[in-house]
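Input: a single structure, listed below in structure tokens.
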Amino acid sequence: MEEKLNPQFSGNRELAEPNVQIITSGGLRISAHSHILVSASPVLESMIERPQKHRSSQRNIPIPGVPCDAVSAFLQFLYSSKCSEEQMEKYGIHLLALSHVYLVPQLKQRCATGLSGKLTMDNVLDVLQLARLCDAPDLYLKCMKFLFCNFKAVEQTEGWKFLQNHDPWLELEILQFIDEAEKRKKRTRRKKEEQNLYLQLSEAMDCLEHICTEGCTSVGPYDMDPSKNKGPCSKFSTCHGLQLLIKHFAACKKRVNGGCLRCKRMWQLLRLHSSICDQPDECRVPLCRQFKLKIQQNRQGDDSRWRLLVKKVVSAKTISSLSLPKRKREEESRITRMRIYLE
């Protein structure tokens, strides 16, 4: 059986008579033009220009191993650089293999993109193996990420059981990727939690300075009457909780012996403020200058972990000033965590 390519594949150009026969595994013969194939694929170019034993005006090029319609879709792309969604849906895997074998990068990229959007529990392992064989790293990574997110479901499929029995190296590769991805996820989550803590401490520093400088609701500097501000603070969501902590710190009897956890937290906040403050002579936060002097006297014995904390809080303060809209979106969750910390 013989088939000729639709003239529209060539962009309605006038072409000479076909001089190449593409022979599929089903016995179908598709007539094509050598100059089109040569310009589209370096592999086909070498096959066409290879010397023949017998002189003939027409060459035969076998393309076995894939369905006849997939070969037709492949040739259509070589002529028009186009491939329909229906063809991609039916023959995407075959077209990826053909694009790799015959070095057609545009089709290869199109197939990789199309297949990555159609991954399922049943086909992901087949697509992954093909991505390895066809050197398609983007598709390979998409398959691995899909497996990471859906591994429990994929593990129950027949494809996974077959893989365990016939390709243990790929199984190991998948499990190693999942393990590394899980570790990265945990590191990212831990880093985000740490960053949120530094943001909370940065906000607490601003709030402490606000209370000690301007006064708010029921707490303020000695020369100012904070009682005129009866309403809740509109500047800082954690202001009320910090005021309660300051009141407790001022009246607590246990803090003399260091036995009160809440007083210890307040002491740490005051020390942290002093480490960050760059105007100790004008600062109205209690103990700011005293802490500064103590730090200068004991600089050699200063705790490296404390210096790292100060650095992280300063960095978080800078980052928060650059991402104010994001902070507003996360304000509610930070309020809850900060209140727990202050209580």
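By order of appearance in the structure tokens: chains A, B, ..., then residues from 1 within every chain, and ligands from 1 in the order shown.
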**Report entry** All strand (DSSP E) residues (DSSP, backbone) inside region 11-238 of chain A, as an NGL selection string
**Finding:** :A and (20-24 or 29-32 or 59-63)
Just-selected residues, all heavy atoms written as an mmCIF file, in the first residue's frame:
data_model
loop_
_atom_site.group_PDB
_atom_site.id
_atom_site.type_symbol
_atom_site.label_atom_id
_atom_site.label_comp_id
_atom_site.auth_asym_id
_atom_site.auth_seq_id
_atom_site.Cartn_x
_atom_site.Cartn_y
_atom_site.Cartn_z
ATOM 1 N N VAL A 20 11.606 9.586 -2.674
ATOM 2 C CA VAL A 20 11.956 8.748 -1.521
ATOM 3 C C VAL A 20 10.723 7.988 -1.079
ATOM 4 O O VAL A 20 9.610 8.545 -1.061
ATOM 5 C CB VAL A 20 12.507 9.592 -0.347
ATOM 6 C CG1 VAL A 20 12.764 8.718 0.881
ATOM 7 C CG2 VAL A 20 13.780 10.315 -0.741
ATOM 8 N N GLN A 21 10.919 6.748 -0.719
ATOM 9 C CA GLN A 21 9.826 5.940 -0.178
ATOM 10 C C GLN A 21 10.142 5.623 1.297
ATOM 11 O O GLN A 21 11.167 5.030 1.615
ATOM 12 C CB GLN A 21 9.695 4.628 -0.949
ATOM 13 C CG GLN A 21 9.120 4.782 -2.348
ATOM 14 C CD GLN A 21 7.603 4.898 -2.327
ATOM 15 O OE1 GLN A 21 6.932 4.150 -1.628
ATOM 16 N NE2 GLN A 21 7.074 5.826 -3.102
ATOM 17 N N ILE A 22 9.242 6.064 2.176
ATOM 18 C CA ILE A 22 9.354 5.734 3.600
ATOM 19 C C ILE A 22 8.539 4.471 3.836
ATOM 20 O O ILE A 22 7.329 4.441 3.566
ATOM 21 C CB ILE A 22 8.844 6.877 4.494
ATOM 22 C CG1 ILE A 22 9.571 8.193 4.163
ATOM 23 C CG2 ILE A 22 9.007 6.521 5.962
ATOM 24 C CD1 ILE A 22 11.049 8.164 4.416
ATOM 25 N N ILE A 23 9.181 3.432 4.327
ATOM 26 C CA ILE A 23 8.508 2.143 4.526
ATOM 27 C C ILE A 23 8.301 1.923 6.019
ATOM 28 O O ILE A 23 9.257 1.904 6.799
ATOM 29 C CB ILE A 23 9.346 0.994 3.931
ATOM 30 C CG1 ILE A 23 9.650 1.272 2.458
ATOM 31 C CG2 ILE A 23 8.634 -0.331 4.088
ATOM 32 C CD1 ILE A 23 10.610 0.275 1.841
ATOM 33 N N THR A 24 7.050 1.769 6.428
ATOM 34 C CA THR A 24 6.723 1.572 7.840
ATOM 35 C C THR A 24 6.705 0.081 8.170
ATOM 36 O O THR A 24 6.728 -0.782 7.291
ATOM 37 C CB THR A 24 5.353 2.189 8.167
ATOM 38 O OG1 THR A 24 4.326 1.422 7.520
ATOM 39 C CG2 THR A 24 5.274 3.626 7.685
ATOM 40 N N ARG A 29 3.874 2.321 2.394
ATOM 41 C CA ARG A 29 4.910 3.094 1.721
ATOM 42 C C ARG A 29 4.423 4.541 1.582
ATOM 43 O O ARG A 29 3.361 4.780 1.004
ATOM 44 C CB ARG A 29 5.228 2.505 0.344
ATOM 45 C CG ARG A 29 5.966 1.177 0.392
ATOM 46 C CD ARG A 29 6.132 0.589 -0.993
ATOM 47 N NE ARG A 29 6.998 -0.580 -0.939
ATOM 48 C CZ ARG A 29 8.303 -0.560 -1.149
ATOM 49 N NH1 ARG A 29 8.896 0.601 -1.438
ATOM 50 N NH2 ARG A 29 9.021 -1.667 -1.074
ATOM 51 N N ILE A 30 5.200 5.465 2.100
ATOM 52 C CA ILE A 30 4.826 6.883 2.044
ATOM 53 C C ILE A 30 5.832 7.602 1.163
ATOM 54 O O ILE A 30 7.040 7.583 1.426
ATOM 55 C CB ILE A 30 4.815 7.509 3.452
ATOM 56 C CG1 ILE A 30 3.891 6.713 4.379
ATOM 57 C CG2 ILE A 30 4.378 8.961 3.391
ATOM 58 C CD1 ILE A 30 3.898 7.197 5.811
ATOM 59 N N SER A 31 5.337 8.225 0.105
ATOM 60 C CA SER A 31 6.211 8.960 -0.811
ATOM 61 C C SER A 31 6.598 10.308 -0.197
ATOM 62 O O SER A 31 5.763 10.996 0.399
ATOM 63 C CB SER A 31 5.515 9.183 -2.153
ATOM 64 O OG SER A 31 5.187 7.947 -2.756
ATOM 65 N N ALA A 32 7.860 10.681 -0.343
ATOM 66 C CA ALA A 32 8.346 11.938 0.231
ATOM 67 C C ALA A 32 9.424 12.519 -0.670
ATOM 68 O O ALA A 32 9.874 11.887 -1.637
ATOM 69 C CB ALA A 32 8.881 11.698 1.633
ATOM 70 N N ARG A 59 14.839 6.130 -3.485
ATOM 71 C CA ARG A 59 15.437 5.470 -2.335
ATOM 72 C C ARG A 59 14.334 4.973 -1.393
ATOM 73 O O ARG A 59 13.284 5.605 -1.271
ATOM 74 C CB ARG A 59 16.347 6.435 -1.566
ATOM 75 C CG ARG A 59 17.665 6.708 -2.277
ATOM 76 C CD ARG A 59 18.511 7.664 -1.451
ATOM 77 N NE ARG A 59 19.810 7.883 -2.067
ATOM 78 C CZ ARG A 59 20.900 7.175 -1.788
ATOM 79 N NH1 ARG A 59 20.817 6.181 -0.921
ATOM 80 N NH2 ARG A 59 22.042 7.449 -2.379
ATOM 81 N N ASN A 60 14.614 3.902 -0.700
ATOM 82 C CA ASN A 60 13.705 3.378 0.323
ATOM 83 C C ASN A 60 14.334 3.554 1.704
ATOM 84 O O ASN A 60 15.490 3.152 1.919
ATOM 85 C CB ASN A 60 13.431 1.895 0.079
ATOM 86 C CG ASN A 60 12.707 1.651 -1.227
ATOM 87 O OD1 ASN A 60 11.876 2.472 -1.646
ATOM 88 N ND2 ASN A 60 13.004 0.538 -1.890
ATOM 89 N N ILE A 61 13.569 4.158 2.595
ATOM 90 C CA ILE A 61 14.049 4.379 3.960
ATOM 91 C C ILE A 61 13.080 3.707 4.924
ATOM 92 O O ILE A 61 11.924 4.151 5.057
ATOM 93 C CB ILE A 61 14.155 5.885 4.279
ATOM 94 C CG1 ILE A 61 15.150 6.545 3.334
ATOM 95 C CG2 ILE A 61 14.569 6.093 5.732
ATOM 96 C CD1 ILE A 61 15.290 8.033 3.550
ATOM 97 N N PRO A 62 13.490 2.650 5.599
ATOM 98 C CA PRO A 62 12.587 1.995 6.549
ATOM 99 C C PRO A 62 12.548 2.743 7.887
ATOM 100 O O PRO A 62 13.571 3.192 8.400
ATOM 101 C CB PRO A 62 13.224 0.614 6.724
ATOM 102 C CG PRO A 62 14.664 0.837 6.446
ATOM 103 C CD PRO A 62 14.760 1.939 5.441
ATOM 104 N N ILE A 63 11.354 2.919 8.431
ATOM 105 C CA ILE A 63 11.179 3.464 9.788
ATOM 106 C C ILE A 63 10.310 2.469 10.557
ATOM 107 O O ILE A 63 9.080 2.597 10.621
ATOM 108 C CB ILE A 63 10.517 4.860 9.760
ATOM 109 C CG1 ILE A 63 11.382 5.840 8.956
ATOM 110 C CG2 ILE A 63 10.336 5.386 11.183
ATOM 111 C CD1 ILE A 63 10.868 7.260 8.943
#
Query - Surrounding residues of Ala40 (chain A) excluding itself and chain neighbours under 6 positions, 9 Å, only C-alpha atoms, as a VMD selection string - result: chain A and resid 78 to 79 103 to 104
Selection from above, N, CA and C atoms, as an mmCIF file, in the first residue's frame, can you write it?
data_model
loop_
_atom_site.group_PDB
_atom_site.id
_atom_site.type_symbol
_atom_site.label_atom_id
_atom_site.label_comp_id
_atom_site.auth_asym_id
_atom_site.auth_seq_id
_atom_site.Cartn_x
_atom_site.Cartn_y
_atom_site.Cartn_z
ATOM 1 N N LEU A 78 7.937 17.162 9.597
ATOM 2 C CA LEU A 78 9.130 17.509 8.829
ATOM 3 C C LEU A 78 8.792 18.467 7.694
ATOM 4 N N TYR A 79 7.599 18.326 7.128
ATOM 5 C CA TYR A 79 7.174 19.197 6.023
ATOM 6 C C TYR A 79 6.663 20.551 6.513
ATOM 7 N N LEU A 103 17.019 13.128 15.211
ATOM 8 C CA LEU A 103 17.571 14.444 15.567
ATOM 9 C C LEU A 103 16.731 15.594 15.019
ATOM 10 N N VAL A 104 15.493 15.662 15.519
ATOM 11 C CA VAL A 104 14.592 16.765 15.163
ATOM 12 C C VAL A 104 14.251 17.495 16.467
#
Query raised in the report: Which one of A:Asp167, A:His33, A:Phe162, A:Pro105 sits closest to Ile48 (chain A) if you count only C-alpha atoms?
Result: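 Once distances to Ile48 (chain A) are computed over only C-alpha atoms, the minimum belongs to A:His33.
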Requested in this report: Run DSSP on the backbone of this structure and report the residues of region 182-280 of chain A it assigns to helix (DSSP H, G or I), as a VMD selection string.
Outcome: chain A and resid 182 to 214 226 to 228 239 to 251 254 to 257 261 to 276
Query - Pick from A:Arg265, A:Val219, A:Cys149, A:Gln296, whichever lies nearest to Leu244 (chain A) using only C-alpha atoms - result: A:Val219
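Nearest residue to Asp69 (chain A) among A:Gly215, A:Gly26, A:Pro286, A:Gly159 is A:Gly26, counting only C-alpha atoms.
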Report task. May I have the residues within 12 Å of Cys207 (chain A) as an MDAnalysis selection string, using only C-alpha atoms and disregarding those fewer than 5 positions away in the same chain? Result -> chainID A and resid 200:202 212:216 219:220 233:243 246 269:270 273 285 338
Query raised in the report: So which one's closest to Met121 (chain A), A:Asn19, A:Gln76, A:Gln156, A:Ser81? Using only C-alpha atoms, please.
Result: A:Gln156
